[in-house]
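> One structure is given below, represented as structure tokens, and several questions about it will come after.
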8 protein chains.
Amino acid sequence: MTPEALKALLNAVASGKTPVDAAADSLKHLSMEDLGFAHIDHHRSLRKGFPEVIFGENKTAGQIIGIMERMTLWEKVILVTRIDAEKARAVTDRFPEAKYHADARMIYLTDGPVPETGKGAILILSAGTSDIPVAKEAFLTAKAMGNTVEAIYDVGVAGIHRLFSHKEKIENAAVLIVVAGMEGALPSVVAGLVDRPVIAVPTSVGYGASFGGLTALFSMLNTCSSNVAVVNIDNGFGAGYMASCINRV
Amino acid sequence: MTPEALKALLNAVASGKTPVDAAADSLKHLSMEDLGFAHIDHHRSLRKGFPEVIFGENKTAGQIIGIMERMTLWEKVILVTRIDAEKARAVTDRFPEAKYHADARMIYLTDGPVPETGKGAILILSAGTSDIPVAKEAFLTAKAMGNTVEAIYDVGVAGIHRLFSHKEKIENAAVLIVVAGMEGALPSVVAGLVDRPVIAVPTSVGYGASFGGLTALFSMLNTCSSNVAVVNIDNGFGAGYMASCINRV
Amino acid sequence: MTPEALKALLNAVASGKTPVDAAADSLKHLSMEDLGFAHIDHHRSLRKGFPEVIFGENKTAGQIIGIMERMTLWEKVILVTRIDAEKARAVTDRFPEAKYHADARMIYLTDGPVPETGKGAILILSAGTSDIPVAKEAFLTAKAMGNTVEAIYDVGVAGIHRLFSHKEKIENAAVLIVVAGMEGALPSVVAGLVDRPVIAVPTSVGYGASFGGLTALFSMLNTCSSNVAVVNIDNGFGAGYMASCINRV
Amino acid sequence: MTPEALKALLNAVASGKTPVDAAADSLKHLSMEDLGFAHIDHHRSLRKGFPEVIFGENKTAGQIIGIMERMTLWEKVILVTRIDAEKARAVTDRFPEAKYHADARMIYLTDGPVPETGKGAILILSAGTSDIPVAKEAFLTAKAMGNTVEAIYDVGVAGIHRLFSHKEKIENAAVLIVVAGMEGALPSVVAGLVDRPVIAVPTSVGYGASFGGLTALFSMLNTCSSNVAVVNIDNGFGAGYMASCINRV
Amino acid sequence: MTPEALKALLNAVASGKTPVDAAADSLKHLSMEDLGFAHIDHHRSLRKGFPEVIFGENKTAGQIIGIMERMTLWEKVILVTRIDAEKARAVTDRFPEAKYHADARMIYLTDGPVPETGKGAILILSAGTSDIPVAKEAFLTAKAMGNTVEAIYDVGVAGIHRLFSHKEKIENAAVLIVVAGMEGALPSVVAGLVDRPVIAVPTSVGYGASFGGLTALFSMLNTCSSNVAVVNIDNGFGAGYMASCINRV
Amino acid sequence: MTPEALKALLNAVASGKTPVDAAADSLKHLSMEDLGFAHIDHHRSLRKGFPEVIFGENKTAGQIIGIMERMTLWEKVILVTRIDAEKARAVTDRFPEAKYHADARMIYLTDGPVPETGKGAILILSAGTSDIPVAKEAFLTAKAMGNTVEAIYDVGVAGIHRLFSHKEKIENAAVLIVVAGMEGALPSVVAGLVDRPVIAVPTSVGYGASFGGLTALFSMLNTCSSNVAVVNIDNGFGAGYMASCINRV
Amino acid sequence: MTPEALKALLNAVASGKTPVDAAADSLKHLSMEDLGFAHIDHHRSLRKGFPEVIFGENKTAGQIIGIMERMTLWEKVILVTRIDAEKARAVTDRFPEAKYHADARMIYLTDGPVPETGKGAILILSAGTSDIPVAKEAFLTAKAMGNTVEAIYDVGVAGIHRLFSHKEKIENAAVLIVVAGMEGALPSVVAGLVDRPVIAVPTSVGYGASFGGLTALFSMLNTCSSNVAVVNIDNGFGAGYMASCINRV
Amino acid sequence: MTPEALKALLNAVASGKTPVDAAADSLKHLSMEDLGFAHIDHHRSLRKGFPEVIFGENKTAGQIIGIMERMTLWEKVILVTRIDAEKARAVTDRFPEAKYHADARMIYLTDGPVPETGKGAILILSAGTSDIPVAKEAFLTAKAMGNTVEAIYDVGVAGIHRLFSHKEKIENAAVLIVVAGMEGALPSVVAGLVDRPVIAVPTSVGYGASFGGLTALFSMLNTCSSNVAVVNIDNGFGAGYMASCINRV
């Protein structure tokens, strides 16, 4: 209920057009129906290029297809995350234009090029070859959300000269996503080289005292570089999404 | 070494002014002094309004004063974080223009108003009254880094109507910092209301199974809202710093 | 042994009908059979509509069938929890009237409608679609114990307007069961809206720092709402049982 | 705002006594005071005997006194929890009628006997002598919320005959609160004896592998008795509050 | 109630001396008072030389003295564990014959030599000098319970020849208590040398990854020697008590 | 080398039959073969009825058979623990007299009745039906080591009257082994009833916050009964072995 | 770029052969290609006998073969670690001269004997038979890196005389690698016997409270012997590599 | 007993000078006194320059002085670690030539310059200023053990150019000790630059998710550089000791 509507109702009460009881009734649920909140804007912005996302992990191929069918496809992008090859085959059989990215375990469905709405370039760096799937998930998400995205893989801190050979791209990125498992040291080093926001993504790559990514996660939270914030283990999608939000501020 | 300086040196070699051996010597550490990396830009940007920051926790008052004296004060801001009242008194005795914020445990020293360089408004929300010190640390940091900042305290999820009464400010913020201890649920709710980046700060407020903030931290990392990234427990400074970086993208 | 039976025995001793030795013998295990404790009432109350429950996880189909055969079925309900589809098939082959609920992984066997003995309505809310199986387990348990039960799924805190659209049902429930994985924030929000007892059920839904439900569990234990108590991870049965006990106080 | 107050305002508008603009202004925050949601009922129920509660741990004596002064005392009870002796002295100096319970670390302030609104009796059992402070906190809370409450201390499972000697009281309670540290086994045993809801409260009593109450907490969550739900470590207040909610269902 | 007493009661009923109602009354609590269980024997055995034990940690000197005064001292031993020097002084002022062992933080009060009831010798071994207090607690407990006890300190595995120089005593012990902090390896080595039961006691000695004794505890639970069982961290009393029970089997 | 053999060697040197160099050679490894340590006695005691034990978990059927073949079978018992059905079949094909106990996952091979060398009876109690395999492992181990053993299953604390109905056996046991998963409360209750040594065995039975037996383990370590010591999770063999050592003290 | 190459370039500039701009260009990436850092030496030393290593765990057979094909084989050794039998078969089909060590899960490919460059002997000790695979991985790695290596298996602390029978080899080793799971006590004992550096390798062998090797890891970190440093759980390769570096100091 | 002494004894037996019984007696404890093991060499090597070390943490000043007095000072060095200022004052009052290093919390007592017995240079690098005390402990230990040692502080990964400016020293060190708290990334980066052994020392510096050094510890154990091994948290002494052992291989 807008302020105008509220005044109109009160005017109707003042003029006797609306009885007091009826007005009291219609004000009873005011707080709810009129939250009029940002999730509306949010949805709108989604329609402007943000992807519809389906978390595929605990859904059957049938459920995923059902959801996709209910989604209208005008000027939109649909992402399905964490979907294995078998389920993906069923989905791409039904939607032949959908593309399955096996390494990122994502399906990407769009009816045309996504308009670029991000301001700068998003750069994705990953430490080891085993971190690539998570990095790819971030890559495709940011791409689908209308950003210029670039990715550099296999630049872990144990051979730091590999990282430094990409100096220019690192300096020119507007937002950086840094993906690392094991000791999770890469975001600290990268964030020390730039004054841009760095989204750190720990991965579950490692063994023994890596605890499925927990060591990398804690390492990143303890970074001595201040321009770093962290998302959940293996959450490439979240990193891509967060970076896209930042790239539109 | 700038590209110009390099060429000048080579010209001097070409013209015989500088012998080869001397040139080789001065190029020996080129890789170091001339990494030419962003940390230079970074320092420059610091000079343009970003604060100098001293982590006060493990330093004596004498050490802090010493560092502050070595810092030139031209067009700069100096922050000292995690400094208790007693040490702060010693510092403000030496720098009378420095202001101690007891609740945030910070010293803030500036020689004039900080120019606003952030693009939008940063909004800081905190859940309980005990979370205010961390929220204040974020507030002062973001302020010192040239941002419009506003803070709303005591809007925890157990009485969610308090949060909703600030609808407009929440919707209008460019970046949000959400501070919460105990169950750490506030960032999830807030991030569901906006499509802006949300920096979540867990605090060590709580007892029993709150594990000094670990429960809030893990809760925030598991948020089902995708526009959230997390910093370390009680790291108000980091949140303010990260939000400032985002606000300049 | 009821008080009446005890007196009868003593009267028989007094009248010489029962020799002292025989009476001593039958009293020897008195402490056991006659603890006269609530578990007697408990069993009685079970016969009045509370279900017999078999925890199916570590039992073979044969064992489950054997136990069910030993249970007399007069005016009773039998629940088998945590039973997979294959074992369930064997059971329903033997007891065709038994119904297998695949999503809740439960078998429900009754010889007629369960009389409603609960005082008010039990409402079950769950956060994500993946939490539904646990919510269903709670639903069927509460149903089998003679309660009016209703369930609302997929009302997680990241889109809090979905929750608020069920305002009336939430306000009218006598007891609420709130099921959530990941950050486990839903019980805090719901409990802030009512003054009824809320049973919180963490689920193992999530990945990375969700630790198989531990984050949700700890989050719920740290709720700032005081009308919340928590059961074990994925323990939908326990929540339904506890809510039923509360609904008869 | 009560329904009566709302109608009075609307009547004043209808009769012209209150101009529309003034009415609109006073309704502007209606969504807050009148979310129309349960927290109104909640407040109402509070006025009917539920205490106002101030969590004293992180507040100064001055802050606590300030909050208490703003609370009107008509027909109300005020509880201050987790307040140490020194702060309590300052509070009782200002409010001489307030009583400090040193063992429970609570202040209890009421202007007359609390009317009994709970349906049955709440029984509090605790395992060791060191668990008594937490049990007392639960006791005073439930008392302040208008319940018949009784407490039995020092009936741990290592001498189970002590527990059994209170058979009658255990059987007759409507709701039970069971407080235990160390191995936390008491709630399992008690809940096996009754079919009433049992609120289990782990305490931080113990050493070594008791992990400040975590072992007791986990033990209680793993109980094989189904009529048990658990609150946070040392949370006697929460247990008393939850039990009171249950006792009014 | 002994079987004889039961028959006597029934005879009184049979002969009309005791009315049925009175007999029923006195049998009502039979299950409780007459569980006739080992705790009776247990108490008896305590009277035969087992110490009365007061856990001093959370008790005031006044409380401890009060408990000691209520204890009759005929042919008995009283132990107070975990009592610091200050409280101990108050106790020994009141009971001059009580002896305070500062290193073990125990008070030992007896009215004469404890008769030896243990079958063999109990040997206590400890790894580092910092483990001695816990070892002493075990020593005094076993001594007070009527055993021949000997202790060898500072025979950790990093200088294993020190351990081997006590070969004879190790071989001749009936029960061994092995106390160690840090890596907790000593019980494994000792238990490999004998076929007697070894009670392992982890201590909280260590730093960093010793986790207050947790590493030693887990190490001991994982021993590849099968004749080892473990008690809680720093639980010297429990080890002495358990060893005494074993020494009477 | 026995003392007799040593003297014989020295006599041979004295008489010139053995040259000094040869004697020195054969004494060179004396420190090893003749540590003269308990493991000799230990081996001897093994020959007197203690079983040879093969930990089957990480060994192939071939390796197990190989080891068994090298073991001479005179007056001996061989146990293979943690061996699954498939490997067991291969072993029993080769040793038809060996018996496979599927529930305990053990092979038991003996060439005649084991002489009873234990002093009293060992009683094994287990809480839930899922704990039986571990209890059986303890049972067979204690049996194989020459003890009178009895086992009572399914006497968990949630229905404590079941436990009490075995009062006599519990009181008469010389050593008790108590096996429990989930909350692990049974050893505390049992140890409170007797003054005999109780070996507590946590099992990995449970879900959620049972952490694969860790909750039961910690619960047992925190028991308020002092006559309890604990072995590793699911370590039925260790409990049976330890109880046997105790039963021979 | 070597110092010689740099001087040559500068000479070419001085002599006018290379124009300044071209020289500037080729020096632009100097900081990267010419960090001139030890990794160059490192690579060189690798060519002198250090193996090329491929971590096989997350790679397909095809990927592994591809990498191996790109590696030139002149005077080199190639190791593939953590490769299972099936993948190994594919690799050895392609490289028939490669040898698969099934127990160490390694492929070892060399074109001739590795020259011995290590100074002393590396001795590998392991505690249980299940630790052998990790010990073998260390063995093959150290062998491939040009060391004299010897291994002694199955000398755990529960039968310490087995360890002592290898006294001479232990004393003569230049570097020791000690591999143990379960309680992880062996490195402490061994390091107490020598003054050489000991690399401790925890293994994931064990069950229950061994936590997949964590207990062994923590035990080793807490060793009271000072000549011990630790690598990650099951990291036999790392231990062999580290020992080789030490053996060349 | 040396081989010579053994032969002498046997000769005495052969010649009849020593009766067989006497010889048997003196050989009885041979295994102990004559283990003839490396700890002898070890002690010898200590006398050649290795320091005597007293762990000061749990010892009184009196105990430390007592131990120091018993130590003969010929050609020796005595270190006392983890000793606070107050105790140190008492020690230096008694031994005026002893020097207290407040930052490293060590006392260093020597009667002349320690002869350099290490082969190469040991280099100590530390990340933050708060890590310096631990680094100093390592420095003094290595110094006392006869090594050339150098230290570079404050070269953390967030400003990696500071590290690179020490390129030469890093390349030339024989052994490196790298000390870091918080995210513990420095050892990975340093070890990637050299092929020398790197001893990593995690420190307890940090807050929140640094867990008192655990995050740094785990990070170091998960390093992707293979020439790294780790010691316990804050164990500067152990690192210095281990590095010294390596430097003598």
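Here's how to read the names in the structure tokens: chain A, B, ... by the order shown, residue numbers from 1 in each chain, ligand numbers from 1 in the order shown.
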For C:Ala173, list every protein, DNA or RNA residue within 6 Å, evaluated using only C-alpha atoms, and leave out those in the same chain fewer than 5 positions away; present the list as a PyMOL selection string.
chain C and resi 121-123
> Just the residues within 12 Å of H:Lys169, please, counting only C-alpha atoms, with nothing from its chain fewer than 3 positions along; format it as a list in words.
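The filter keeps Phe37 and Ala38 of chain G; Gly120, Ala121, Ile122, Leu123, Ile124, Leu125, Val149, Glu150, Ala151, Ile152, Leu163, Phe164, Ser165, His166, Asn172, Ala173, Ala174, Val175, Leu176, Val190, Leu193 and Val194 of chain H.
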> Restricting the output to N, CA, C and O atoms, write the selected residues as a short mmCIF file (atom, residue, chain, number, x, y, z; two decimals), in the first residue's frame.

data_model
loop_
_atom_site.label_atom_id
_atom_site.label_comp_id
_atom_site.auth_asym_id
_atom_site.auth_seq_id
_atom_site.Cartn_x
_atom_site.Cartn_y
_atom_site.Cartn_z
N PHE G 37 65.27 -16.77 -10.09
CA PHE G 37 65.12 -17.34 -8.75
C PHE G 37 65.48 -18.80 -8.72
O PHE G 37 65.70 -19.45 -9.74
N ALA G 38 65.49 -19.27 -7.52
CA ALA G 38 65.89 -20.66 -7.29
C ALA G 38 65.09 -21.67 -8.08
O ALA G 38 65.55 -22.76 -8.31
N GLY H 120 75.84 -25.09 6.52
CA GLY H 120 75.45 -23.91 5.75
C GLY H 120 74.77 -22.89 6.64
O GLY H 120 74.86 -22.95 7.86
N ALA H 121 74.10 -21.94 6.00
CA ALA H 121 73.40 -20.91 6.77
C ALA H 121 71.94 -21.31 6.95
O ALA H 121 71.32 -21.87 6.05
N ILE H 122 71.43 -21.04 8.15
CA ILE H 122 70.00 -21.22 8.41
C ILE H 122 69.34 -19.86 8.31
O ILE H 122 69.79 -18.90 8.94
N LEU H 123 68.28 -19.77 7.51
CA LEU H 123 67.57 -18.51 7.35
C LEU H 123 66.18 -18.63 7.94
O LEU H 123 65.45 -19.58 7.66
N ILE H 124 65.82 -17.65 8.76
CA ILE H 124 64.51 -17.63 9.39
C ILE H 124 63.70 -16.48 8.83
O ILE H 124 64.13 -15.33 8.86
N LEU H 125 62.52 -16.81 8.29
CA LEU H 125 61.62 -15.79 7.74
C LEU H 125 60.35 -15.80 8.56
O LEU H 125 59.83 -16.86 8.91
N VAL H 149 73.13 -18.16 11.50
CA VAL H 149 71.68 -17.96 11.38
C VAL H 149 71.41 -16.51 11.00
O VAL H 149 72.09 -15.61 11.47
N GLU H 150 70.44 -16.31 10.16
CA GLU H 150 70.00 -14.97 9.84
C GLU H 150 68.47 -14.96 9.86
O GLU H 150 67.83 -15.99 9.63
N ALA H 151 67.90 -13.80 10.17
CA ALA H 151 66.44 -13.72 10.26
C ALA H 151 65.93 -12.50 9.52
O ALA H 151 66.53 -11.44 9.56
N ILE H 152 64.81 -12.68 8.81
CA ILE H 152 64.13 -11.59 8.13
C ILE H 152 62.68 -11.59 8.59
O ILE H 152 61.99 -12.60 8.43
N LEU H 163 59.04 -9.84 0.37
CA LEU H 163 59.75 -11.12 0.40
C LEU H 163 60.79 -11.18 -0.71
O LEU H 163 61.94 -11.58 -0.50
N PHE H 164 60.39 -10.74 -1.90
CA PHE H 164 61.26 -10.90 -3.06
C PHE H 164 62.51 -10.04 -2.99
O PHE H 164 63.51 -10.33 -3.65
N SER H 165 62.46 -9.01 -2.19
CA SER H 165 63.63 -8.14 -2.09
C SER H 165 64.76 -8.83 -1.31
O SER H 165 65.86 -8.30 -1.21
N HIS H 166 64.47 -10.01 -0.75
CA HIS H 166 65.52 -10.75 -0.04
C HIS H 166 65.94 -12.01 -0.80
O HIS H 166 66.42 -12.97 -0.21
N ASN H 172 70.45 -18.56 -0.92
CA ASN H 172 71.73 -19.06 -0.42
C ASN H 172 71.63 -19.87 0.86
O ASN H 172 72.62 -20.46 1.30
N ALA H 173 70.47 -19.88 1.48
CA ALA H 173 70.35 -20.60 2.74
C ALA H 173 70.41 -22.10 2.51
O ALA H 173 69.95 -22.61 1.49
N ALA H 174 70.97 -22.81 3.48
CA ALA H 174 71.01 -24.28 3.41
C ALA H 174 69.72 -24.88 3.93
O ALA H 174 69.23 -25.89 3.43
N VAL H 175 69.18 -24.27 4.97
CA VAL H 175 67.91 -24.71 5.56
C VAL H 175 67.11 -23.44 5.86
O VAL H 175 67.68 -22.43 6.26
N LEU H 176 65.79 -23.51 5.67
CA LEU H 176 64.96 -22.35 5.96
C LEU H 176 63.92 -22.68 7.01
O LEU H 176 63.35 -23.78 6.98
N VAL H 190 57.57 -19.56 -0.04
CA VAL H 190 59.03 -19.65 0.08
C VAL H 190 59.55 -20.98 -0.46
O VAL H 190 60.52 -21.02 -1.23
N LEU H 193 60.23 -21.31 -4.01
CA LEU H 193 61.35 -20.54 -4.55
C LEU H 193 62.69 -21.25 -4.42
O LEU H 193 63.67 -20.84 -5.03
N VAL H 194 62.75 -22.26 -3.57
CA VAL H 194 64.02 -22.94 -3.31
C VAL H 194 63.85 -24.45 -3.38
O VAL H 194 62.74 -24.96 -3.38
#
> Do you know which residues are at most 8 Å from D:Glu137 counting only C-alpha atoms, after dropping those on the same chain fewer than 2 positions away, and could you put them as number ranges by chain?
D: 81, 104-106, 133-135, 139-141, 236-237, 240
> Please, which residues of chain H lie no more than 9 Å from chain B when the count uses only C-alpha atoms, and can they be set out as an mmCIF file with all heavy atoms, in the first residue's frame?

data_model
loop_
_atom_site.group_PDB
_atom_site.id
_atom_site.type_symbol
_atom_site.label_atom_id
_atom_site.label_comp_id
_atom_site.auth_asym_id
_atom_site.auth_seq_id
_atom_site.Cartn_x
_atom_site.Cartn_y
_atom_site.Cartn_z
ATOM 1 N N THR H 129 54.600 -9.021 12.327
ATOM 2 C CA THR H 129 55.400 -8.591 13.465
ATOM 3 C C THR H 129 55.067 -9.420 14.712
ATOM 4 O O THR H 129 55.922 -9.642 15.555
ATOM 5 C CB THR H 129 55.143 -7.102 13.773
ATOM 6 O OG1 THR H 129 53.728 -6.898 13.844
ATOM 7 C CG2 THR H 129 55.714 -6.224 12.683
ATOM 8 N N SER H 130 53.846 -9.890 14.798
ATOM 9 C CA SER H 130 53.472 -10.670 15.978
ATOM 10 C C SER H 130 54.101 -12.051 15.983
ATOM 11 O O SER H 130 54.080 -12.748 17.004
ATOM 12 C CB SER H 130 51.945 -10.805 16.055
ATOM 13 O OG SER H 130 51.329 -9.550 15.961
ATOM 14 N N GLY H 159 52.040 -8.692 0.974
ATOM 15 C CA GLY H 159 52.865 -7.683 0.296
ATOM 16 C C GLY H 159 54.103 -8.392 -0.199
ATOM 17 O O GLY H 159 55.204 -8.210 0.315
ATOM 18 N N HIS H 161 56.185 -8.384 -2.491
ATOM 19 C CA HIS H 161 57.417 -7.753 -2.963
ATOM 20 C C HIS H 161 58.437 -7.620 -1.838
ATOM 21 O O HIS H 161 59.632 -7.645 -2.071
ATOM 22 C CB HIS H 161 57.091 -6.377 -3.541
ATOM 23 C CG HIS H 161 56.405 -5.482 -2.571
ATOM 24 N ND1 HIS H 161 55.110 -5.713 -2.159
ATOM 25 C CD2 HIS H 161 56.811 -4.379 -1.917
ATOM 26 C CE1 HIS H 161 54.756 -4.774 -1.285
ATOM 27 N NE2 HIS H 161 55.775 -3.963 -1.124
ATOM 28 N N ARG H 162 57.968 -7.491 -0.592
ATOM 29 C CA ARG H 162 58.906 -7.418 0.526
ATOM 30 C C ARG H 162 59.720 -8.704 0.628
ATOM 31 O O ARG H 162 60.909 -8.708 0.900
ATOM 32 C CB ARG H 162 58.145 -7.215 1.845
ATOM 33 C CG ARG H 162 57.483 -5.851 1.945
ATOM 34 C CD ARG H 162 56.656 -5.757 3.200
ATOM 35 N NE ARG H 162 55.607 -6.809 3.205
ATOM 36 C CZ ARG H 162 54.706 -6.965 4.159
ATOM 37 N NH1 ARG H 162 54.694 -6.137 5.200
ATOM 38 N NH2 ARG H 162 53.803 -7.916 4.081
ATOM 39 N N PHE H 164 60.392 -10.738 -1.905
ATOM 40 C CA PHE H 164 61.256 -10.900 -3.063
ATOM 41 C C PHE H 164 62.510 -10.042 -2.986
ATOM 42 O O PHE H 164 63.510 -10.327 -3.651
ATOM 43 C CB PHE H 164 60.480 -10.592 -4.344
ATOM 44 C CG PHE H 164 59.474 -11.645 -4.671
ATOM 45 C CD1 PHE H 164 58.494 -11.432 -5.624
ATOM 46 C CD2 PHE H 164 59.499 -12.879 -4.014
ATOM 47 C CE1 PHE H 164 57.576 -12.412 -5.928
ATOM 48 C CE2 PHE H 164 58.564 -13.865 -4.313
ATOM 49 C CZ PHE H 164 57.609 -13.620 -5.274
ATOM 50 N N SER H 165 62.456 -9.006 -2.189
ATOM 51 C CA SER H 165 63.634 -8.143 -2.086
ATOM 52 C C SER H 165 64.764 -8.831 -1.313
ATOM 53 O O SER H 165 65.863 -8.298 -1.215
ATOM 54 C CB SER H 165 63.246 -6.813 -1.439
ATOM 55 O OG SER H 165 62.816 -7.020 -0.129
ATOM 56 N N LYS H 167 65.743 -11.933 -2.101
ATOM 57 C CA LYS H 167 65.987 -13.044 -2.996
ATOM 58 C C LYS H 167 67.308 -13.764 -2.743
ATOM 59 O O LYS H 167 67.359 -14.994 -2.606
ATOM 60 C CB LYS H 167 65.972 -12.467 -4.414
ATOM 61 C CG LYS H 167 66.204 -13.408 -5.532
ATOM 62 C CD LYS H 167 66.115 -12.590 -6.842
ATOM 63 C CE LYS H 167 67.288 -12.873 -7.756
ATOM 64 N NZ LYS H 167 67.177 -12.122 -9.029
ATOM 65 N N TYR H 207 42.916 -14.347 15.082
ATOM 66 C CA TYR H 207 41.693 -14.287 15.892
ATOM 67 C C TYR H 207 40.601 -14.990 15.101
ATOM 68 O O TYR H 207 40.786 -15.355 13.944
ATOM 69 C CB TYR H 207 41.313 -12.829 16.212
ATOM 70 C CG TYR H 207 41.003 -12.009 15.002
ATOM 71 C CD1 TYR H 207 39.712 -11.905 14.519
ATOM 72 C CD2 TYR H 207 42.015 -11.365 14.309
ATOM 73 C CE1 TYR H 207 39.431 -11.172 13.379
ATOM 74 C CE2 TYR H 207 41.747 -10.628 13.180
ATOM 75 C CZ TYR H 207 40.439 -10.541 12.713
ATOM 76 O OH TYR H 207 40.183 -9.830 11.588
ATOM 77 N N GLY H 208 39.460 -15.181 15.708
ATOM 78 C CA GLY H 208 38.331 -15.807 15.015
ATOM 79 C C GLY H 208 38.713 -17.172 14.476
ATOM 80 O O GLY H 208 39.185 -18.023 15.221
ATOM 81 N N ALA H 209 38.547 -17.364 13.184
ATOM 82 C CA ALA H 209 38.774 -18.665 12.591
ATOM 83 C C ALA H 209 40.250 -19.026 12.458
ATOM 84 O O ALA H 209 40.600 -19.886 11.652
ATOM 85 C CB ALA H 209 38.078 -18.741 11.234
ATOM 86 N N SER H 210 41.112 -18.400 13.210
ATOM 87 C CA SER H 210 42.516 -18.840 13.204
ATOM 88 C C SER H 210 42.726 -19.938 14.235
ATOM 89 O O SER H 210 43.722 -20.658 14.201
ATOM 90 C CB SER H 210 43.473 -17.680 13.493
ATOM 91 O OG SER H 210 43.613 -17.479 14.877
#
> Would you kindly return, as number ranges by chain, each protein, DNA or RNA residue with an atom no farther than 7 Å from any atom of A:Ile78, considering only C-alpha atoms and excluding same-chain residues fewer than 4 positions away?
A: 51-53, 108-110
> DSSP on the backbone, then: every residue of stretch 157-206 of chain F marked strand (DSSP E), written as number ranges by chain.
F: 175-180, 198-202
> What is the distance, in Å and to one decimal place, between atom CA of C:Val20 and atom CA of E:Ala24?
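The value is 14.8 Å.
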> As a PyMOL selection string, please: every residue in stretch 83-239 of chain E that DSSP puts in helix (DSSP H, G or I).
chain E and resi 85-94+129-144+157-164+167-172+186-193+208-221+236-239
> Pick out the residues sitting within 8 Å of H:Arg248, and hand them over as a PyMOL selection string; count only C-alpha atoms, and ignore anything fewer than 5 positions along from it in its own chain.
chain H and resi 117-119
> Output the selection as a tab-separated table (two decimals), in the first residue's frame - all heavy atoms for each residue.

chain	number	residue	atom	x	y	z
H	117	THR	N	79.30	-25.53	13.96
H	117	THR	CA	79.40	-26.90	13.45
H	117	THR	C	78.42	-27.15	12.32
H	117	THR	O	78.49	-28.16	11.64
H	117	THR	CB	79.12	-27.89	14.60
H	117	THR	OG1	77.87	-27.52	15.19
H	117	THR	CG2	80.20	-27.82	15.66
H	118	GLY	N	77.47	-26.24	12.12
H	118	GLY	CA	76.54	-26.39	11.01
H	118	GLY	C	77.24	-26.15	9.68
H	118	GLY	O	78.20	-25.40	9.60
H	119	LYS	N	76.74	-26.80	8.64
H	119	LYS	CA	77.43	-26.72	7.35
H	119	LYS	C	77.12	-25.44	6.59
H	119	LYS	O	77.99	-24.80	6.04
H	119	LYS	CB	77.03	-27.92	6.49
H	119	LYS	CG	77.48	-29.24	7.09
H	119	LYS	CD	76.96	-30.40	6.26
H	119	LYS	CE	77.38	-31.72	6.88
H	119	LYS	NZ	76.73	-32.85	6.21
> Name the residues in contact with D:Ala14 at a cut-off of 9 Å, using only C-alpha atoms, excluding same-chain residues fewer than 6 positions from it; report them as a PyMOL selection string.
chain A and resi 10-16+19-20
> Grab the atom CA of B:Phe55 to atom CA of H:Ile132 distance for me, in Å with one decimal place.
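These two atoms are separated by 15.3 Å.
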